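Enquirer: Pasting coords_33.txt here (compact mmCIF, C-alpha atoms and all ligand atoms):
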# COMPACT_ATOMS: atom_id res chain seq x y z
CA MET A 1426 98.95 120.40 109.53
CA SER A 1427 100.81 119.39 106.37
CA ALA A 1428 100.84 116.45 103.99
CA ALA A 1429 103.55 114.86 106.15
CA ASP A 1430 101.12 114.56 109.07
CA ARG A 1431 98.74 112.48 107.02
CA VAL A 1432 98.71 108.78 106.22
CA VAL A 1433 98.56 107.61 102.62
CA ASN A 1434 94.87 106.86 102.69
CA PHE A 1435 93.64 104.15 100.32
CA SER A 1436 90.16 104.12 101.83
CA PRO A 1437 87.42 102.95 99.44
CA GLY A 1438 85.09 105.63 100.77
CA PRO A 1439 84.64 107.98 102.36
CA GLY A 1440 87.96 108.52 100.68
CA VAL A 1441 90.81 110.97 100.59
CA LEU A 1442 89.97 114.64 99.92
CA PRO A 1443 92.32 117.29 98.49
CA LEU A 1444 94.51 118.72 101.25
CA SER A 1445 93.97 122.27 100.00
CA VAL A 1446 90.21 121.79 100.38
CA LEU A 1447 90.59 120.51 103.94
CA GLN A 1448 92.84 123.43 104.79
CA GLN A 1449 90.35 125.92 103.47
CA VAL A 1450 87.52 124.24 105.39
CA ARG A 1451 89.65 124.39 108.54
CA ASP A 1452 90.51 128.05 108.05
CA ASP A 1453 86.91 129.05 107.45
CA LEU A 1454 85.27 126.64 109.88
CA PRO A 1455 84.55 129.04 112.76
CA SER A 1456 83.74 132.02 110.58
CA LEU A 1457 83.20 132.24 106.83
CA PRO A 1458 84.61 135.45 105.36
CA GLY A 1459 81.82 137.97 104.94
CA VAL A 1460 79.39 135.81 106.91
CA GLY A 1461 80.85 135.66 110.41
CA ALA A 1462 79.38 132.23 111.11
CA SER A 1463 80.36 128.66 110.32
CA ALA A 1464 79.17 126.74 107.28
CA LEU A 1465 77.67 124.43 109.92
CA GLU A 1466 75.52 127.21 111.34
CA VAL A 1467 73.92 129.10 108.49
CA SER A 1468 70.52 128.91 106.87
CA HIS A 1469 70.19 127.01 103.65
CA ARG A 1470 68.01 129.88 102.46
CA GLY A 1471 70.59 132.57 103.05
CA ASP A 1472 72.66 134.35 100.41
CA TRP A 1473 75.84 132.48 101.25
CA PHE A 1474 74.40 129.01 100.70
CA GLU A 1475 72.46 130.09 97.63
CA GLY A 1476 75.81 131.06 96.14
CA VAL A 1477 77.36 127.78 97.24
CA ILE A 1478 74.75 125.49 95.73
CA ALA A 1479 74.66 127.56 92.54
CA GLU A 1480 78.44 127.33 92.19
CA ALA A 1481 78.49 123.61 93.01
CA GLU A 1482 75.99 123.03 90.21
CA ALA A 1483 77.76 125.37 87.80
CA ASN A 1484 81.10 123.69 88.45
CA LEU A 1485 79.60 120.24 87.90
CA ARG A 1486 77.96 121.45 84.70
CA SER A 1487 81.17 122.86 83.30
CA LEU A 1488 83.39 119.95 84.39
CA LEU A 1489 81.05 117.30 82.98
CA ARG A 1490 79.73 119.47 80.14
CA ILE A 1491 76.17 118.91 81.33
CA GLY A 1492 73.74 120.50 78.89
CA ASP A 1493 70.40 122.21 79.50
CA ASP A 1494 68.62 118.90 78.88
CA HIS A 1495 69.73 117.65 82.28
CA ARG A 1496 68.93 118.78 85.81
CA VAL A 1497 71.47 118.49 88.62
CA LEU A 1498 69.90 117.40 91.91
CA PHE A 1499 71.41 117.16 95.39
CA CYS A 1500 69.77 114.32 97.32
CA GLN A 1501 70.43 112.47 100.57
CA GLY A 1502 70.13 108.80 101.44
CA GLY A 1503 73.24 107.74 99.55
CA ALA A 1504 73.45 105.83 96.31
CA SER A 1505 71.58 103.10 98.17
CA MET A 1506 68.43 105.19 98.32
CA GLN A 1507 68.76 105.79 94.59
CA PHE A 1508 68.50 102.03 94.09
CA ALA A 1509 64.84 102.46 95.10
CA MET A 1510 64.29 106.00 93.85
CA VAL A 1511 65.36 105.23 90.29
CA PRO A 1512 62.72 102.51 89.78
CA MET A 1513 60.08 104.58 91.60
CA ASN A 1514 60.64 107.42 89.15
CA LEU A 1515 61.50 105.54 85.96
CA LEU A 1516 59.36 102.40 85.85
CA HIS A 1517 56.34 102.54 83.57
CA GLY A 1518 55.18 98.95 83.69
CA ALA A 1519 57.75 97.14 81.55
CA GLY A 1520 60.48 96.70 84.18
CA ALA A 1521 64.17 97.46 84.40
CA ASP A 1522 67.12 95.59 82.91
CA HIS A 1523 70.17 95.38 85.16
CA ILE A 1524 73.70 94.73 83.95
CA VAL A 1525 75.45 93.39 87.04
CA THR A 1526 79.23 93.68 87.09
CA GLY A 1527 79.79 93.48 90.84
CA SER A 1528 78.40 93.80 94.34
CA TRP A 1529 76.81 97.24 93.90
CA GLY A 1530 75.05 96.29 90.71
CA ALA A 1531 73.73 93.20 92.49
CA ARG A 1532 72.52 95.37 95.37
CA ALA A 1533 70.76 97.72 92.94
CA ALA A 1534 68.99 94.86 91.19
CA ALA A 1535 67.87 93.31 94.48
CA GLU A 1536 66.58 96.63 95.79
CA GLY A 1537 64.84 97.24 92.47
CA THR A 1538 62.67 94.17 93.00
CA THR A 1539 61.12 95.82 96.06
CA VAL A 1540 59.69 98.52 93.79
CA GLY A 1541 58.83 96.68 90.59
CA ALA A 1542 60.18 94.31 87.98
CA ALA A 1543 63.98 94.27 88.00
CA ARG A 1544 65.50 91.72 85.66
CA ILE A 1545 69.15 90.74 85.71
CA ALA A 1546 69.82 90.90 81.98
CA TRP A 1547 73.54 90.13 82.28
CA THR A 1548 75.66 89.23 85.26
CA GLY A 1549 79.37 88.60 85.69
CA GLU A 1550 78.73 86.65 88.87
CA PRO A 1551 79.52 83.17 87.48
CA GLY A 1552 83.02 84.44 86.62
CA SER A 1553 83.38 86.18 90.02
CA PHE A 1554 82.81 89.63 88.53
CA VAL A 1555 86.09 90.10 86.68
CA ARG A 1556 84.86 92.06 83.67
CA THR A 1557 82.30 94.30 82.05
CA PRO A 1558 80.26 92.91 79.15
CA SER A 1559 80.90 94.04 75.57
CA ASP A 1560 78.33 96.24 73.84
CA GLU A 1561 77.22 93.18 71.84
CA GLU A 1562 76.68 91.16 75.00
CA ILE A 1563 74.61 93.95 76.51
CA LEU A 1564 72.57 94.42 73.36
CA GLY A 1565 71.93 90.71 73.09
CA ALA A 1566 70.74 90.55 76.68
CA LEU A 1567 68.38 93.52 76.76
CA ASP A 1568 64.63 93.38 76.69
CA PRO A 1569 63.80 95.98 74.02
CA ALA A 1570 60.70 96.97 75.98
CA ALA A 1571 62.53 97.64 79.27
CA ASP A 1572 61.92 101.04 80.83
CA TYR A 1573 65.61 101.55 81.49
CA VAL A 1574 68.95 99.79 81.77
CA HIS A 1575 71.02 100.08 84.97
CA VAL A 1576 74.82 99.85 84.83
CA THR A 1577 77.50 100.46 87.45
CA SER A 1578 80.26 102.44 85.77
CA ASN A 1579 82.82 101.35 88.35
CA GLU A 1580 82.37 98.48 90.77
CA THR A 1581 84.12 99.71 93.90
CA ILE A 1582 84.52 96.30 95.54
CA GLN A 1583 85.69 94.27 92.53
CA GLY A 1584 87.63 97.06 90.79
CA VAL A 1585 85.81 96.51 87.49
CA GLN A 1586 85.13 99.57 85.34
CA TYR A 1587 83.62 100.21 81.91
CA ALA A 1588 86.17 101.67 79.52
CA GLY A 1589 83.50 104.14 78.40
CA THR A 1590 79.76 104.52 77.95
CA PRO A 1591 78.27 101.33 76.45
CA ALA A 1592 77.16 101.99 72.88
CA LEU A 1593 73.44 101.28 72.93
CA PRO A 1594 70.61 102.55 70.72
CA ASP A 1595 69.52 106.10 71.61
CA GLU A 1596 66.09 104.96 72.71
CA VAL A 1597 67.57 102.92 75.56
CA VAL A 1598 67.29 104.93 78.78
CA LEU A 1599 70.63 104.37 80.42
CA VAL A 1600 71.04 104.74 84.19
CA ALA A 1601 74.54 104.76 85.64
CA ASP A 1602 75.58 104.34 89.24
CA ALA A 1603 78.79 106.35 88.94
CA SER A 1604 79.40 106.61 92.68
CA SER A 1605 83.02 105.54 92.58
CA ASP A 1606 84.26 107.07 89.32
CA PHE A 1607 82.21 110.26 89.15
CA LEU A 1608 84.44 113.20 88.16
CA SER A 1609 87.42 110.88 87.61
CA ARG A 1610 87.17 111.30 83.83
CA PRO A 1611 84.88 112.92 81.27
CA LEU A 1612 81.43 111.34 81.02
CA ASP A 1613 79.01 111.47 78.10
CA VAL A 1614 76.19 112.73 80.32
CA GLY A 1615 73.96 113.42 77.33
CA ARG A 1616 73.68 109.69 76.75
CA TYR A 1617 72.22 108.99 80.21
CA GLY A 1618 68.70 109.28 81.54
CA VAL A 1619 70.11 109.31 85.06
CA VAL A 1620 73.63 109.48 86.46
CA LEU A 1621 73.81 109.07 90.23
CA ALA A 1622 76.78 109.32 92.53
CA GLY A 1623 77.27 109.33 96.26
CA ALA A 1624 79.80 112.11 96.85
CA GLN A 1625 82.11 110.35 99.27
CA LYS A 1626 84.74 109.10 96.84
CA ASN A 1627 85.63 111.86 94.39
CA ALA A 1628 83.16 114.67 94.93
CA GLY A 1629 83.11 115.40 98.64
CA PRO A 1630 82.09 113.90 101.97
CA ALA A 1631 79.30 111.43 102.73
CA GLY A 1632 75.85 112.94 103.06
CA VAL A 1633 75.05 114.19 99.59
CA THR A 1634 74.22 112.21 96.47
CA ILE A 1635 74.44 113.96 93.13
CA VAL A 1636 71.76 112.91 90.65
CA VAL A 1637 71.80 114.17 87.07
CA VAL A 1638 68.43 113.58 85.39
CA ARG A 1639 67.41 114.17 81.79
CA GLY A 1640 64.35 116.32 81.12
CA ASP A 1641 62.34 113.68 79.26
CA VAL A 1642 62.80 111.30 82.21
CA LEU A 1643 61.60 113.97 84.64
CA GLU A 1644 58.54 114.65 82.52
CA ARG A 1645 57.42 111.04 82.64
CA ILE A 1646 57.63 110.43 86.40
CA PRO A 1647 54.45 108.80 87.67
CA ASP A 1648 52.31 110.88 90.01
CA GLY A 1649 51.71 109.96 93.62
CA LEU A 1650 55.27 109.49 94.85
CA PRO A 1651 56.20 110.79 98.31
CA ALA A 1652 57.71 114.24 97.87
CA MET A 1653 61.21 113.31 99.02
CA LEU A 1654 61.30 110.32 96.67
CA ASP A 1655 60.17 112.25 93.59
CA TYR A 1656 62.95 113.78 91.48
CA ARG A 1657 60.61 116.60 90.47
CA THR A 1658 60.53 117.88 94.04
CA TYR A 1659 64.29 118.45 93.84
CA ALA A 1660 64.14 119.87 90.32
CA GLU A 1661 61.31 122.27 91.09
CA HIS A 1662 62.85 123.56 94.32
CA GLY A 1663 66.49 123.72 93.30
CA SER A 1664 67.18 120.90 95.81
CA LEU A 1665 65.89 123.22 98.56
CA TYR A 1666 62.48 121.71 99.24
CA ASN A 1667 63.74 120.71 102.66
CA THR A 1668 67.05 121.33 104.42
CA PRO A 1669 69.77 119.93 102.19
CA PRO A 1670 73.13 118.68 103.50
CA VAL A 1671 74.60 122.18 103.57
CA PHE A 1672 78.09 121.28 104.74
CA ALA A 1673 78.48 118.41 102.27
CA ILE A 1674 77.35 120.57 99.33
CA TYR A 1675 79.77 123.29 100.44
CA ILE A 1676 82.61 120.79 100.22
CA VAL A 1677 81.40 119.56 96.81
CA MET A 1678 81.70 123.18 95.72
CA LEU A 1679 85.28 123.37 97.00
CA VAL A 1680 86.26 120.02 95.47
CA THR A 1681 84.82 120.94 92.07
CA ARG A 1682 86.66 124.28 92.28
CA TRP A 1683 89.86 122.34 93.01
CA LEU A 1684 89.22 120.12 89.99
CA ARG A 1685 88.71 123.15 87.78
CA ASP A 1686 91.46 125.43 89.08
CA GLU A 1687 94.19 123.15 90.43
CA ILE A 1688 93.75 120.09 88.21
CA GLY A 1689 92.49 121.79 85.07
CA GLY A 1690 89.34 119.78 84.38
CA LEU A 1691 88.37 116.19 83.78
CA ASP A 1692 90.59 115.45 80.79
CA ALA A 1693 93.59 116.37 82.91
CA MET A 1694 92.18 114.41 85.86
CA ALA A 1695 91.68 111.32 83.68
CA THR A 1696 95.28 111.48 82.44
CA ILE A 1697 96.55 111.66 86.01
CA ASN A 1698 94.25 108.85 87.14
CA GLU A 1699 95.33 106.57 84.29
CA ALA A 1700 98.98 107.18 85.09
CA LYS A 1701 98.43 106.46 88.79
CA ALA A 1702 96.55 103.22 88.07
CA GLN A 1703 99.18 102.12 85.57
CA LEU A 1704 101.88 102.33 88.27
CA LEU A 1705 100.01 99.74 90.32
CA TYR A 1706 99.00 97.50 87.43
CA ASP A 1707 102.62 97.48 86.26
CA ALA A 1708 103.67 96.38 89.73
CA ILE A 1709 101.07 93.58 89.60
CA ASP A 1710 101.92 92.42 86.08
CA GLY A 1711 105.64 92.67 86.72
CA ASN A 1712 105.42 90.21 89.61
CA PRO A 1713 102.97 87.53 88.47
CA ASP A 1714 104.26 84.98 90.97
CA VAL A 1715 103.26 87.22 93.85
CA TYR A 1716 100.34 89.34 92.67
CA GLN A 1717 97.23 88.21 90.88
CA GLY A 1718 94.99 90.99 89.61
CA HIS A 1719 91.26 90.43 90.11
CA ALA A 1720 89.85 92.22 87.05
CA GLU A 1721 90.60 91.28 83.48
CA PRO A 1722 92.99 93.86 82.00
CA SER A 1723 90.39 95.43 79.68
CA SER A 1724 88.01 96.01 82.61
CA ARG A 1725 90.54 97.23 85.14
CA SER A 1726 89.47 100.16 87.25
CA THR A 1727 91.48 103.35 87.51
CA MET A 1728 89.87 103.95 90.91
CA ASN A 1729 90.00 100.65 92.82
CA VAL A 1730 92.94 98.37 92.09
CA THR A 1731 92.22 94.85 93.34
CA PHE A 1732 94.68 91.97 93.60
CA ARG A 1733 95.51 88.90 95.66
CA LEU A 1734 98.64 87.43 97.21
CA PRO A 1735 99.44 83.71 97.29
CA THR A 1736 98.53 83.09 100.96
CA ASP A 1737 96.71 84.74 103.85
CA GLU A 1738 100.05 85.07 105.65
CA ASP A 1739 101.43 87.01 102.68
CA LYS A 1740 98.43 89.29 102.79
CA THR A 1741 98.83 89.93 106.50
CA ALA A 1742 102.54 90.67 106.02
CA PHE A 1743 101.75 92.97 103.10
CA LEU A 1744 99.18 94.98 105.08
CA ALA A 1745 101.49 95.22 108.08
CA GLY A 1746 104.47 96.29 105.99
CA ALA A 1747 102.41 98.90 104.17
CA ALA A 1748 101.01 100.25 107.44
CA GLU A 1749 104.54 100.65 108.80
CA GLN A 1750 105.15 103.01 105.92
CA GLY A 1751 101.98 104.98 106.56
CA MET A 1752 99.86 103.31 103.88
CA VAL A 1753 96.46 102.36 105.28
CA GLU A 1754 93.03 100.99 104.31
CA LEU A 1755 94.42 98.50 101.81
CA ARG A 1756 92.51 95.42 102.96
CA GLY A 1757 90.24 94.12 100.20
CA HIS A 1758 86.50 93.81 100.75
CA ARG A 1759 85.67 90.56 102.53
CA SER A 1760 83.72 89.28 99.51
CA VAL A 1761 86.77 89.51 97.23
CA GLY A 1762 89.65 89.16 99.67
CA GLY A 1763 93.18 90.24 98.90
CA ILE A 1764 94.15 93.87 98.59
CA ARG A 1765 92.24 96.86 97.28
CA ALA A 1766 94.00 100.15 96.71
CA SER A 1767 91.47 102.92 96.17
CA ILE A 1768 93.22 105.74 94.37
CA TYR A 1769 90.59 108.41 93.95
CA ASN A 1770 91.18 111.85 92.42
CA ALA A 1771 92.68 113.33 95.57
CA MET A 1772 95.21 110.52 96.11
CA PRO A 1773 98.54 112.16 95.32
CA VAL A 1774 100.76 110.54 92.69
CA GLU A 1775 103.45 110.25 95.38
CA GLY A 1776 101.14 108.06 97.47
CA VAL A 1777 100.67 105.66 94.57
CA GLU A 1778 104.40 105.69 93.81
CA ARG A 1779 105.10 104.77 97.40
CA LEU A 1780 102.73 101.81 97.16
CA ALA A 1781 104.10 100.64 93.79
CA ASP A 1782 107.59 100.83 95.21
CA PHE A 1783 106.55 98.87 98.29
CA MET A 1784 104.88 96.23 96.09
CA ARG A 1785 108.10 95.70 94.16
CA ARG A 1786 110.23 95.41 97.27
CA PHE A 1787 107.69 93.12 98.93
CA ALA A 1788 107.69 90.86 95.86
CA GLU A 1789 111.49 90.59 95.87
CA ARG A 1790 111.40 89.54 99.46
N1 LIG B 1 77.32 102.16 94.49
C1 LIG B 1 78.65 102.12 94.49
C2 LIG B 1 79.37 101.90 93.19
C3 LIG B 1 79.35 102.30 95.70
O1 LIG B 1 80.68 102.27 95.70
C4 LIG B 1 78.63 102.52 96.89
C5 LIG B 1 79.31 102.76 98.21
N2 LIG B 1 80.56 102.39 98.39
C6 LIG B 1 77.24 102.53 96.84
C7 LIG B 1 76.63 102.36 95.62
C8 LIG B 1 76.43 102.76 98.07
O2 LIG B 1 76.57 104.07 98.45
P1 LIG B 1 75.99 104.64 99.80
O3 LIG B 1 76.74 104.01 100.90
O4 LIG B 1 76.26 106.11 99.66
O5 LIG B 1 74.54 104.33 99.84
Reformat the file's structure so that it appears as structure tokens.

Expert:
Amino acid sequence: MSAADRVVNFSPGPGVLPLSVLQQVRDDLPSLPGVGASALEVSHRGDWFEGVIAEAEANLRSLLRIGDDHRVLFCQGGASMQFAMVPMNLLHGAGADHIVTGSWGARAAAEGTTVGAARIAWTGEPGSFVRTPSDEEILGALDPAADYVHVTSNETIQGVQYAGTPALPDEVVLVADASSDFLSRPLDVGRYGVVLAGAQKNAGPAGVTIVVVRGDVLERIPDGLPAMLDYRTYAEHGSLYNTPPVFAIYIVMLVTRWLRDEIGGLDAMATINEAKAQLLYDAIDGNPDVYQGHAEPSSRSTMNVTFRLPTDEDKTAFLAGAAEQGMVELRGHRSVGGIRASIYNAMPVEGVERLADFMRRFAER
């Protein structure tokens, strides 16, 4: 198998993984060196997996510069389960403030109401979710008494991303759903009470959700939660209270190793990601009669590039033409329409160049 055997995969998630990681998984699948069994067959309490989960955490800590104040937890149930787990663990009677910049933020707020008070403090819905709010807009909308504030760092469906961490007073407990831009750029983890991310875009396969929780948040968790829904269970048992998703965590270890050794860390990754996204935004902006970007320029995502074509026929022709050239999974989410190119960390620059090139030729036609 080589890169030439693979499509250019713009899937929004589970998304493309580094080829070198897949090759290593293939090589070691029947028998891990020194173990003689597959990663699919070994105990989560054995030496091999203890090394794996320790390295996965260490790599995440060094890539994201996570300090001792924060614990790194490996959960299951996806980011969707976190939409309930966060309020279960963080509510203390005052309620949560949600900043809704797209479909996932809306989902989190709705799920939050099943646990306690979840208030939509700001929403971009009236404008069809084309931007993130400014710091002033967020500040003006918050309830100062709220237990925490939930933001979605990158809205996967709309392609709307915060340029950086919103500047809010230190006492605000900030919770970020970073599922679709985790590890795509440096993140000021110290500023967050909780950062949560399903792995299946940039960090690995589906099946594991990485949750980074600050110590003071852990200390204040209300008693009486079911064990599997209490962050302390994961913190106290090194995410080994029950059987964790061994294979998924193994791949997170390999992907974070790739980021460290082959990419050179998150500053380097961010530079590459910005350059890749710029290729597509240039193709959009250079052909305004044909392509209409969904997000406002200042809120454009480096991970999910969303745009529309003038008619449904144009869209169908675009998707068919792209597929002929091996570029797949470009159809936009049904709620937004148009095209969505998801260009996660492992999408090669050449794949994005091929799409940008196709966009220009398609526009000329
Ligand atoms: N949040 C965001 C930003 C997402 O992109 C997704 C999935 N695409 C989710 C939450 C839900 O994740 P999961 O399917 O792992 O529950």

Enquirer: What is the CA of Ile1545 in chain A-CA of Asp1522 in chain A distance in Å, reported with one decimal?

Expert: 6.0 Å

Enquirer: Hey, which residues come within 8 Å of ligand LIG 1 (chain B) if we count all atoms listed in the file? Could you give them as number ranges by chain?

Expert: A: 1437-1439, 1502-1507, 1529-1530, 1533, 1577-1582, 1602-1605, 1622-1625, 1631-1632, 1634

Enquirer: Do you have the CA of Gly1640 in chain A-CA of Gly1618 in chain A distance handy?

Expert: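 CA of Gly1640 in chain A sits 8.3 Å away from CA of Gly1618 in chain A.
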
Enquirer: Neighbouring residues of Phe1743 in chain A were defined as those with any atom within 10 Å, considering all atoms listed in the file; residues of the same chain fewer than 6 positions away were excluded. Please report them as a PyMOL selection string.

Expert: chain A and resi 1734+1737+1749+1755-1756+1763-1764+1783-1784+1787-1788

Enquirer: Which neighbours of Glu1482 in chain A fall inside 9 Å, counting only C-alpha atoms, when residues of the same chain fewer than 4 positions from it are skipped, and could you give them as a list in words?

Expert: Val1477, Ile1478, Arg1486, Ser1487, Val1497, Leu1498 and Met1678 of chain A

Enquirer: Point out the residue among A:Leu1621, A:Val1555, A:Leu1465, A:Ile1688 with the least atom-to-atom distance to Thr1731 in chain A, counting all atoms listed in the file.

Expert: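 Checking each of A:Leu1621, A:Val1555, A:Leu1465, A:Ile1688 against Thr1731 in chain A, counting all atoms listed in the file, the winner is A:Val1555.
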
Enquirer: Should you be able to, write range 1574-1609 of chain A of this structure into a file that contains C-alpha atoms, as a PDB file, in the first residue's frame.

Expert:
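Final output, result-v1.pdb:
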ATOM      1  CA  VAL A1574     -18.948  28.849  30.068  1.00  0.00           C
ATOM      2  CA  HIS A1575     -19.063  26.348  27.192  1.00  0.00           C
ATOM      3  CA  VAL A1576     -17.516  27.223  23.819  1.00  0.00           C
ATOM      4  CA  THR A1577     -16.871  25.137  20.705  1.00  0.00           C
ATOM      5  CA  SER A1578     -13.401  26.028  19.483  1.00  0.00           C
ATOM      6  CA  ASN A1579     -14.159  24.827  15.965  1.00  0.00           C
ATOM      7  CA  GLU A1580     -17.633  24.151  14.613  1.00  0.00           C
ATOM      8  CA  THR A1581     -17.097  21.174  12.319  1.00  0.00           C
ATOM      9  CA  ILE A1582     -20.313  21.572  10.334  1.00  0.00           C
ATOM     10  CA  GLN A1583     -20.260  25.341   9.764  1.00  0.00           C
ATOM     11  CA  GLY A1584     -16.471  25.735   9.533  1.00  0.00           C
ATOM     12  CA  VAL A1585     -16.415  28.500  12.153  1.00  0.00           C
ATOM     13  CA  GLN A1586     -13.394  28.662  14.456  1.00  0.00           C
ATOM     14  CA  TYR A1587     -12.199  30.985  17.217  1.00  0.00           C
ATOM     15  CA  ALA A1588      -8.950  32.709  16.274  1.00  0.00           C
ATOM     16  CA  GLY A1589      -7.695  31.960  19.787  1.00  0.00           C
ATOM     17  CA  THR A1590      -8.858  31.520  23.360  1.00  0.00           C
ATOM     18  CA  PRO A1591     -11.505  34.145  24.229  1.00  0.00           C
ATOM     19  CA  ALA A1592     -10.056  36.652  26.698  1.00  0.00           C
ATOM     20  CA  LEU A1593     -12.287  36.342  29.737  1.00  0.00           C
ATOM     21  CA  PRO A1594     -11.644  37.090  33.415  1.00  0.00           C
ATOM     22  CA  ASP A1595      -9.607  34.365  35.147  1.00  0.00           C
ATOM     23  CA  GLU A1596     -12.480  33.428  37.425  1.00  0.00           C
ATOM     24  CA  VAL A1597     -14.591  32.296  34.476  1.00  0.00           C
ATOM     25  CA  VAL A1598     -14.359  28.505  34.185  1.00  0.00           C
ATOM     26  CA  LEU A1599     -13.983  27.968  30.481  1.00  0.00           C
ATOM     27  CA  VAL A1600     -14.980  24.653  28.885  1.00  0.00           C
ATOM     28  CA  ALA A1601     -13.998  24.005  25.276  1.00  0.00           C
ATOM     29  CA  ASP A1602     -15.286  21.346  22.945  1.00  0.00           C
ATOM     30  CA  ALA A1603     -12.137  21.123  20.834  1.00  0.00           C
ATOM     31  CA  SER A1604     -13.124  17.931  19.047  1.00  0.00           C
ATOM     32  CA  SER A1605     -12.356  19.166  15.562  1.00  0.00           C
ATOM     33  CA  ASP A1606      -9.298  21.361  16.103  1.00  0.00           C
ATOM     34  CA  PHE A1607      -7.556  19.550  18.954  1.00  0.00           C
ATOM     35  CA  LEU A1608      -3.809  19.283  18.246  1.00  0.00           C
ATOM     36  CA  SER A1609      -4.154  21.424  15.103  1.00  0.00           C
TER      37      SER A1609
END
